file coords-v8.cif (mmCIF, C-alpha atoms)
data_protein
loop_
_atom_site.label_atom_id
_atom_site.label_comp_id
_atom_site.auth_asym_id
_atom_site.auth_seq_id
_atom_site.Cartn_x
_atom_site.Cartn_y
_atom_site.Cartn_z
CA PRO G 296 73.17 40.33 28.28
CA VAL G 297 75.94 40.18 25.73
CA PHE G 298 78.43 42.60 24.22
CA ILE G 299 79.38 42.06 20.58
CA VAL G 300 82.88 43.12 19.54
CA PHE G 301 84.69 42.80 16.23
CA ILE G 302 88.17 41.33 16.41
CA SER G 303 90.52 39.59 14.00
CA GLY G 304 88.70 36.45 13.03
CA GLY G 305 85.17 37.83 13.10
CA TRP G 306 82.43 38.88 15.46
CA ALA G 307 82.60 37.32 18.88
CA GLN G 308 79.99 37.23 21.60
CA ALA G 309 81.17 38.31 25.02
CA PRO G 310 80.14 36.33 28.10
CA SER G 311 77.26 37.40 30.30
CA LEU G 312 78.24 40.17 32.68
CA ASP G 313 76.52 42.81 34.73
CA LYS G 314 74.51 45.17 32.52
CA LYS G 315 76.25 48.22 33.95
CA VAL G 316 79.71 46.83 33.19
CA ILE G 317 78.72 45.95 29.65
CA HIS G 318 77.16 49.35 29.07
CA GLU G 319 80.24 51.18 30.36
CA LEU G 320 82.57 49.06 28.24
CA GLN G 321 80.43 49.33 25.12
CA THR G 322 80.09 53.09 25.45
CA ALA G 323 83.75 53.70 26.27
CA MET G 324 85.08 51.54 23.40
CA ARG G 325 82.63 53.04 20.91
CA LEU G 326 83.65 56.57 21.91
CA LYS G 327 87.33 55.56 21.95
CA GLU G 328 87.56 56.45 25.61
CA TYR G 329 90.00 53.66 26.26
CA LYS G 330 91.25 54.90 29.64
CA GLN G 331 87.66 54.88 30.87
CA ALA G 332 87.22 51.34 29.55
CA ILE G 333 90.34 50.20 31.40
CA ALA G 334 89.12 51.85 34.60
CA ALA G 335 85.78 50.05 34.34
CA ILE G 336 87.53 46.72 33.82
CA ASP G 337 89.95 47.29 36.70
CA GLU G 338 87.01 47.99 38.95
CA VAL G 339 85.21 44.73 38.22
CA LEU G 340 88.18 42.35 37.77
CA PRO G 341 88.96 41.87 41.49
CA LYS G 342 85.27 41.30 42.23
CA THR G 343 84.65 38.43 39.83
CA GLN G 344 85.97 34.90 39.53
CA VAL G 345 84.41 34.21 36.13
CA GLN G 346 84.88 35.58 32.61
CA LYS G 347 88.16 37.22 33.50
CA ASP G 348 89.57 36.18 30.13
CA TYR G 349 87.06 38.40 28.34
CA LEU G 350 87.73 41.37 30.61
CA LEU G 351 91.49 40.94 30.24
CA TYR G 352 91.16 40.74 26.47
CA MET G 353 89.17 43.96 26.37
CA LYS G 354 91.67 45.65 28.68
CA ALA G 355 94.56 44.58 26.43
CA LEU G 356 92.64 45.83 23.39
CA ALA G 357 92.09 49.23 25.01
CA GLN G 358 95.77 49.40 25.94
CA TYR G 359 96.64 48.50 22.36
CA TYR G 360 94.60 51.43 21.03
CA LEU G 361 96.34 53.68 23.55
CA GLU G 362 99.63 52.48 22.04
CA ALA G 363 100.72 51.08 25.39
CA TRP G 364 102.31 48.10 23.68
CA THR G 365 104.21 46.71 26.68
CA GLU G 366 101.22 46.89 29.01
CA SER G 367 98.95 45.41 26.36
CA GLN G 368 101.30 42.47 25.76
CA GLU G 369 101.54 41.82 29.52
CA THR G 370 97.75 41.82 29.82
CA ILE G 371 97.12 39.63 26.81
CA GLN G 372 99.67 37.13 28.08
CA ARG G 373 97.31 36.42 30.99
CA VAL G 374 94.66 35.39 28.46
CA LEU G 375 97.12 33.27 26.48
CA GLU G 376 97.92 31.34 29.64
CA GLN G 377 94.29 30.13 29.66
CA LYS G 378 94.51 27.52 26.89
CA GLU G 379 90.82 26.59 27.10
CA SER G 380 89.56 30.16 26.93
CA VAL G 381 87.26 31.01 24.02
CA TRP G 382 89.35 34.19 23.71
CA HIS G 383 92.65 32.34 23.38
CA HIS G 384 92.89 32.45 19.56
CA LYS G 385 91.73 36.07 19.46
CA ALA G 386 94.37 36.91 22.04
CA LYS G 387 97.04 35.38 19.81
CA PHE G 388 96.20 37.75 17.01
CA LEU G 389 96.14 40.76 19.26
CA SER G 390 99.56 39.64 20.48
CA ALA G 391 100.65 39.38 16.84
CA ARG G 392 99.52 42.94 16.19
CA ILE G 393 101.56 44.12 19.15
CA TYR G 394 104.62 42.29 17.82
CA LEU G 395 103.99 43.99 14.50
CA LYS G 396 103.95 47.42 16.13
CA ASN G 397 107.13 46.58 18.02
CA LYS G 398 108.75 45.23 14.82
CA ASP G 399 109.36 41.91 16.54
CA TYR G 400 109.04 39.95 13.31
CA LYS G 401 110.49 36.72 14.70
CA SER G 402 107.75 36.44 17.34
CA LEU G 403 105.18 37.54 14.77
CA GLU G 404 106.22 34.81 12.34
CA ALA G 405 106.05 32.19 15.11
CA ILE G 406 102.41 33.08 15.80
CA TYR G 407 101.57 33.10 12.10
CA ALA G 408 103.14 29.66 11.58
CA LYS G 409 101.18 28.09 14.45
CA GLU G 410 97.86 29.64 13.49
CA ALA G 411 97.97 29.26 9.72
CA HIS G 412 96.35 25.81 9.68
CA ARG G 413 93.45 26.95 11.87
CA LEU G 414 92.82 29.98 9.70
CA HIS G 415 92.66 27.85 6.57
CA ALA G 416 90.29 25.43 8.22
CA ALA G 417 87.89 28.26 8.97
CA GLN G 418 87.57 29.05 5.21
CA ARG G 419 87.63 32.78 5.73
CA LYS G 420 89.69 33.20 2.60
CA GLU G 421 89.68 36.92 2.04
CA GLN G 422 90.20 37.74 5.70
CA VAL G 423 93.07 35.27 5.98
CA ALA G 424 94.61 36.63 2.79
CA ARG G 425 94.55 40.14 4.24
CA ILE G 426 96.34 38.89 7.36
CA TYR G 427 99.06 37.41 5.14
CA ILE G 428 99.29 40.72 3.29
CA GLN G 429 99.63 42.65 6.53
CA PHE G 430 102.49 40.41 7.64
CA ALA G 431 104.14 40.63 4.21
CA GLU G 432 103.98 44.43 4.27
CA ALA G 433 105.68 44.46 7.66
CA LEU G 434 108.44 42.14 6.47
CA SER G 435 109.14 44.19 3.34
CA LYS G 436 109.00 47.61 4.96
CA GLU G 437 112.03 49.79 4.20
CA VAL G 438 114.10 50.73 7.24
CA GLN G 439 114.14 54.43 8.02
CA PRO G 440 117.58 55.97 8.71
CA GLU G 441 116.57 57.02 12.21
CA ASP G 442 115.25 53.54 13.09
CA LEU G 443 118.50 51.83 14.08
CA GLN G 444 116.77 48.91 15.84
CA ALA G 445 114.68 47.75 12.89
CA PRO G 446 115.70 44.57 11.05
CA PRO G 447 116.36 44.75 7.31
CA PRO G 448 113.49 43.92 4.95
CA ASP G 449 113.00 40.24 4.20
CA TYR G 450 111.63 40.24 0.68
CA GLU G 451 111.78 36.46 0.30
CA LYS G 452 109.53 35.85 3.30
CA ALA G 453 107.23 38.65 2.18
CA TYR G 454 107.01 37.07 -1.28
CA ALA G 455 106.20 33.69 0.26
CA LEU G 456 103.37 35.25 2.27
CA TYR G 457 101.93 36.93 -0.82
CA GLU G 458 102.04 33.54 -2.55
CA LYS G 459 100.16 31.94 0.34
CA ALA G 460 97.57 34.72 0.17
CA LEU G 461 97.12 34.16 -3.57
CA GLU G 462 96.79 30.41 -3.12
CA LEU G 463 93.64 31.07 -1.09
CA LYS G 464 91.92 32.52 -4.21
CA PRO G 465 90.34 35.26 -2.09
CA GLY G 466 88.43 37.01 -4.88
CA GLU G 467 89.23 38.72 -8.16
CA GLN G 468 90.10 42.21 -6.90
CA LEU G 469 92.26 41.08 -4.01
CA SER G 470 93.92 38.40 -6.15
CA GLU G 471 94.83 41.07 -8.70
CA GLU G 472 96.35 43.24 -5.98
CA ILE G 473 98.39 40.34 -4.63
CA ALA G 474 99.61 39.40 -8.11
CA PHE G 475 100.87 42.97 -8.52
CA ARG G 476 102.64 42.88 -5.16
CA LEU G 477 104.45 39.69 -6.10
CA GLY G 478 106.20 41.55 -8.91
CA GLN G 479 106.80 44.54 -6.67
CA SER G 480 108.55 42.32 -4.13
CA ARG G 481 110.87 41.02 -6.84
CA ILE G 482 111.74 44.56 -7.89
CA LYS G 483 112.51 45.58 -4.31
CA ALA G 484 114.83 42.59 -4.07
CA LYS G 485 116.37 43.57 -7.43
CA GLN G 486 115.43 40.17 -8.85
CA TRP G 487 114.73 41.49 -12.32
CA GLU G 488 114.31 38.21 -14.20
CA GLU G 489 111.86 36.88 -11.60
CA ALA G 490 110.00 40.20 -11.67
CA VAL G 491 109.63 39.85 -15.44
CA GLN G 492 108.03 36.44 -14.92
CA ASP G 493 105.60 37.72 -12.29
CA PHE G 494 104.65 40.84 -14.24
CA THR G 495 104.20 38.84 -17.44
CA LYS G 496 101.87 36.49 -15.61
CA TYR G 497 100.00 39.49 -14.20
CA LEU G 498 99.50 41.00 -17.66
CA GLN G 499 98.36 37.68 -19.07
CA GLU G 500 95.68 37.43 -16.40
CA TYR G 501 94.70 41.09 -15.93
CA ASP G 502 95.37 43.00 -19.17
CA PRO G 503 92.96 42.24 -22.04
CA ASP G 504 95.25 44.19 -24.43
CA TRP G 505 98.39 42.23 -23.60
CA GLY G 506 99.92 40.56 -26.65
CA GLY G 507 102.99 39.00 -25.09
CA LEU G 508 106.67 39.88 -24.68
CA PRO G 509 108.75 41.04 -27.66
CA GLY G 510 109.27 38.09 -29.97
CA ARG G 511 106.90 35.94 -27.93
CA PRO G 512 103.37 36.81 -29.06
CA MET G 513 100.42 35.40 -27.17
CA VAL G 514 96.70 35.90 -26.70
CA SER G 515 95.61 37.45 -23.42
CA GLN G 516 93.61 35.25 -21.06
CA ALA G 517 92.42 38.23 -19.03
CA LYS G 518 88.84 38.19 -17.80
CA LEU G 519 89.39 41.25 -15.62
CA ALA G 520 91.10 44.55 -16.49
CA GLY G 521 93.44 45.04 -13.54
CA LYS G 522 93.86 48.48 -12.04
CA HIS G 523 97.66 48.11 -12.06
CA ARG G 524 97.99 46.98 -15.69
CA ASP G 525 99.45 50.27 -16.99
CA GLU G 526 101.91 50.52 -14.13
CA VAL G 527 102.97 46.91 -14.65
CA ARG G 528 103.83 47.55 -18.31
CA TYR G 529 106.08 50.42 -17.25
CA LEU G 530 107.70 48.35 -14.49
CA LEU G 531 108.19 45.46 -16.90
CA ALA G 532 110.15 47.74 -19.23
CA GLN G 533 112.20 48.93 -16.26
CA CYS G 534 113.10 45.33 -15.43
CA PHE G 535 114.45 44.79 -18.94
CA ILE G 536 116.46 48.02 -18.71
CA GLU G 537 118.01 46.84 -15.46
CA GLN G 538 119.08 43.65 -17.23
CA GLY G 539 120.62 45.61 -20.10
CA GLN G 540 117.92 44.49 -22.54
CA THR G 541 117.07 47.94 -23.85
CA GLY G 542 115.62 46.65 -27.13
CA GLU G 543 112.92 44.67 -25.34
CA ALA G 544 112.25 47.58 -23.02
CA ARG G 545 111.84 49.96 -25.96
CA GLU G 546 109.34 47.66 -27.70
CA ILE G 547 107.28 47.30 -24.54
CA LEU G 548 107.21 51.08 -24.03
CA GLU G 549 106.37 51.73 -27.68
CA ASP G 550 103.46 49.29 -27.48
CA PHE G 551 102.40 50.95 -24.24
CA VAL G 552 102.41 54.42 -25.85
CA LYS G 553 100.35 53.11 -28.79
CA LEU G 554 97.87 51.60 -26.35
CA LEU G 555 97.57 54.89 -24.45
CA GLU G 556 97.00 56.78 -27.70
CA LYS G 557 94.34 54.27 -28.70
CA LYS G 558 92.60 54.73 -25.35
CA LYS G 559 92.79 58.50 -25.80
CA ASP G 560 91.20 58.26 -29.25
CA ILE G 561 88.41 56.04 -27.91
CA SER G 562 87.78 58.48 -25.04
CA GLN G 563 87.53 61.40 -27.48
CA GLU G 564 85.07 59.46 -29.65
CA LEU G 565 82.94 58.73 -26.62
CA LEU G 566 82.96 62.40 -25.68
CA ARG G 567 81.88 63.38 -29.22
CA ASP G 568 79.07 60.83 -29.12
#

call {"tool": "encode", "arguments": {"input": "coords-v8.cif", "output": "structure tokens"}}
result
Amino acid sequence: PVFIVFISGGWAQAPSLDKKVIHELQTAMRLKEYKQAIAAIDEVLPKTQVQKDYLLYMKALAQYYLEAWTESQETIQRVLEQKESVWHHKAKFLSARIYLKNKDYKSLEAIYAKEAHRLHAAQRKEQVARIYIQFAEALSKEVQPEDLQAPPPDYEKAYALYEKALELKPGEQLSEEIAFRLGQSRIKAKQWEEAVQDFTKYLQEYDPDWGGLPGRPMVSQAKLAGKHRDEVRYLLAQCFIEQGQTGEAREILEDFVKLLEKKKDISQELLRD
């Protein structure tokens, strides 16, 4: 018998175990009864000399969902010590998730750096891109006033991770989202000129109505109308304002208003038809 479980990296097949153990684990995890799952694992662990890596991984996963980060990290470390285990790589990513929850970004980055080449080799582009995005979000998260232990945001590292995600060419919709976040990262870092470059590139690729910056006309290359295109035009104007270039900002906003009016007229015509 086998027990199929979804973890970062895909679906994995658990080793053969007693049917009763598998049934208890499967039922408990499905019903989110994680304490029951841990109890079932603790009962069988001392009685078996094989497949302990799988049982330890599942125990660490249950502890993770219970938000027992310290206990989960201690358990998963026992799997990581087994270099030849088929669960070793999966354990690394569970460990990374724990580091993320604990805001231990240095340890998180170390895992990411070691595993990046393996992820690329597996050609799971969209899934890998989403892992990059998750790490980038953590690195760029604003520190809350009450969270005195949190490190400051690292927008440069977050930007680099978004770039790596985009390099994977994960698909049109996700690529559009990443392209938007690149500009967002520049704004958060108050890098206005760089943000202008990223947002201009976004509009060129994802706004069919884009005609170029003021004084620099161009023909849009967009094959997809991005969901963030209106927001990007507004943010682009904001970037020019921050640089003291109010004339350029005004032209961008005027063009944006004209575009919105045009869309409104088209919508009214469609309603009349």

call {"tool": "closest_residue", "arguments": {"input": "coords-v8.cif", "among": "G:Gln346, G:Ser402, G:Gln468, G:Gln439", "to": "Gly521 in chain G", "atoms": "only C-alpha atoms"}}
result
G:Gln468

call {"tool": "residues_around", "arguments": {"input": "coords-v8.cif", "residues": "Lys496 in chain G", "least_positions_apart": "2", "cutoff": "12 Å", "atoms": "all atoms listed in the file", "output": "number ranges by chain"}}
result
G: 471, 474-475, 477-478, 489-494, 498-502, 505-508, 513, 515-517, 524, 527-528, 531

call {"tool": "resolve_selection", "arguments": {"input": "coords-v8.cif", "expression": "the PyMOL selection byres ((chain G and resi 370) around 9)", "output": "list in words"}}
result
Leu351, Tyr352, Lys354, Ala355, Gln358, Thr365, Glu366, Ser367, Gln368, Glu369, Ile371, Gln372, Arg373 and Val374 of chain G

call {"tool": "write_last_selection", "arguments": {"input": "coords-v8.cif", "atoms": "C-alpha atoms", "output": "PDB file, keeping the file's coordinate frame"}}
result
ATOM      1  CA  LEU G 351      91.490  40.940  30.240  1.00  0.00           C
ATOM      2  CA  TYR G 352      91.160  40.740  26.470  1.00  0.00           C
ATOM      3  CA  LYS G 354      91.670  45.650  28.680  1.00  0.00           C
ATOM      4  CA  ALA G 355      94.560  44.580  26.430  1.00  0.00           C
ATOM      5  CA  GLN G 358      95.770  49.400  25.940  1.00  0.00           C
ATOM      6  CA  THR G 365     104.210  46.710  26.680  1.00  0.00           C
ATOM      7  CA  GLU G 366     101.220  46.890  29.010  1.00  0.00           C
ATOM      8  CA  SER G 367      98.950  45.410  26.360  1.00  0.00           C
ATOM      9  CA  GLN G 368     101.300  42.470  25.760  1.00  0.00           C
ATOM     10  CA  GLU G 369     101.540  41.820  29.520  1.00  0.00           C
ATOM     11  CA  ILE G 371      97.120  39.630  26.810  1.00  0.00           C
ATOM     12  CA  GLN G 372      99.670  37.130  28.080  1.00  0.00           C
ATOM     13  CA  ARG G 373      97.310  36.420  30.990  1.00  0.00           C
ATOM     14  CA  VAL G 374      94.660  35.390  28.460  1.00  0.00           C
TER      15      VAL G 374
END

call {"tool": "resolve_selection", "arguments": {"input": "coords-v8.cif", "expression": "the PyMOL selection byres ((chain G and resi 424) around 9)", "output": "list in words"}}
result
Arg419, Lys420, Glu421, Gln422, Val423, Arg425, Ile426, Tyr427, Ile428, Gln429, Leu456, Tyr457, Lys459, Ala460, Leu461, Glu462, Leu463, Lys464, Pro465 and Leu469 of chain G

call {"tool": "axis_aligned_box", "arguments": {"input": "coords-v8.cif", "around": "range 312-321 of chain G", "padding_each_side": "6 Å", "output": "AutoDock Vina command-line options"}}
result
--center_x 78.5 --center_y 45.7 --center_z 29.9 --size_x 20.1 --size_y 23.0 --size_z 21.6

call {"tool": "resolve_selection", "arguments": {"input": "coords-v8.cif", "expression": "the PyMOL selection byres ((chain G and resi 449) around 9)", "output": "list in words"}}
result
Ala431, Leu434, Ser435, Lys436, Pro446, Pro447, Pro448, Tyr450, Glu451, Lys452, Ala453, Tyr454 and Ala484 of chain G

call {"tool": "residues_around", "arguments": {"input": "coords-v8.cif", "residues": "range 331-340 of chain G", "least_positions_apart": "3", "cutoff": "8 Å", "atoms": "only C-alpha atoms", "output": "ChimeraX atom specification"}}
result
/G:316,319-320,323-324,328,343-344,347,350-351,354,357-358

call {"tool": "build_atoms", "arguments": {"input": "coords-v8.cif", "residues": "range 443-469 of chain G", "atoms": "N, CA and C atoms", "output": "short mmCIF file (atom, residue, chain, number, x, y, z; two decimals), in the frame of the given file"}}
result
data_model
loop_
_atom_site.label_atom_id
_atom_site.label_comp_id
_atom_site.auth_asym_id
_atom_site.auth_seq_id
_atom_site.Cartn_x
_atom_site.Cartn_y
_atom_site.Cartn_z
N LEU G 443 117.30 52.66 14.04
CA LEU G 443 118.50 51.83 14.08
C LEU G 443 118.22 50.42 14.59
N GLN G 444 117.08 50.21 15.26
CA GLN G 444 116.77 48.91 15.84
C GLN G 444 116.00 48.00 14.88
N ALA G 445 115.53 48.54 13.80
CA ALA G 445 114.68 47.75 12.89
C ALA G 445 115.51 46.75 12.09
N PRO G 446 114.99 45.54 11.88
CA PRO G 446 115.70 44.57 11.05
C PRO G 446 115.58 44.94 9.58
N PRO G 447 116.47 44.45 8.74
CA PRO G 447 116.36 44.75 7.31
C PRO G 447 115.15 44.06 6.70
N PRO G 448 114.65 44.56 5.60
CA PRO G 448 113.49 43.92 4.95
C PRO G 448 113.83 42.50 4.54
N ASP G 449 112.84 41.63 4.64
CA ASP G 449 113.00 40.24 4.20
C ASP G 449 112.03 40.01 3.05
N TYR G 450 112.51 40.31 1.84
CA TYR G 450 111.63 40.24 0.68
C TYR G 450 111.23 38.81 0.33
N GLU G 451 112.10 37.85 0.62
CA GLU G 451 111.78 36.46 0.30
C GLU G 451 110.61 35.96 1.14
N LYS G 452 110.64 36.26 2.44
CA LYS G 452 109.53 35.85 3.30
C LYS G 452 108.26 36.60 2.93
N ALA G 453 108.41 37.88 2.60
CA ALA G 453 107.23 38.65 2.18
C ALA G 453 106.62 38.04 0.92
N TYR G 454 107.48 37.68 -0.02
CA TYR G 454 107.01 37.07 -1.28
C TYR G 454 106.27 35.77 -0.99
N ALA G 455 106.83 34.96 -0.08
CA ALA G 455 106.20 33.69 0.26
C ALA G 455 104.81 33.90 0.87
N LEU G 456 104.67 34.96 1.67
CA LEU G 456 103.37 35.25 2.27
C LEU G 456 102.36 35.72 1.22
N TYR G 457 102.83 36.52 0.27
CA TYR G 457 101.93 36.93 -0.82
C TYR G 457 101.48 35.71 -1.62
N GLU G 458 102.40 34.77 -1.83
CA GLU G 458 102.04 33.54 -2.55
C GLU G 458 100.97 32.76 -1.79
N LYS G 459 101.14 32.66 -0.47
CA LYS G 459 100.16 31.94 0.34
C LYS G 459 98.79 32.64 0.27
N ALA G 460 98.82 33.96 0.27
CA ALA G 460 97.57 34.72 0.17
C ALA G 460 96.89 34.45 -1.17
N LEU G 461 97.68 34.38 -2.23
CA LEU G 461 97.12 34.16 -3.57
C LEU G 461 96.59 32.74 -3.72
N GLU G 462 97.23 31.80 -3.06
CA GLU G 462 96.79 30.41 -3.12
C GLU G 462 95.38 30.23 -2.56
N LEU G 463 94.97 31.15 -1.69
CA LEU G 463 93.64 31.07 -1.09
C LEU G 463 92.53 31.42 -2.09
N LYS G 464 92.91 32.06 -3.22
CA LYS G 464 91.92 32.52 -4.21
C LYS G 464 90.84 33.36 -3.52
N PRO G 465 91.25 34.49 -2.93
CA PRO G 465 90.34 35.26 -2.09
C PRO G 465 89.28 36.07 -2.82
N GLY G 466 89.34 36.15 -4.12
CA GLY G 466 88.43 37.01 -4.88
C GLY G 466 89.20 37.76 -5.94
N GLU G 467 88.53 38.17 -7.00
CA GLU G 467 89.23 38.72 -8.16
C GLU G 467 90.03 39.98 -7.83
N GLN G 468 89.42 40.94 -7.16
CA GLN G 468 90.10 42.21 -6.90
C GLN G 468 91.31 42.04 -5.99
N LEU G 469 91.14 41.28 -4.92
CA LEU G 469 92.26 41.08 -4.01
C LEU G 469 93.34 40.22 -4.66
#
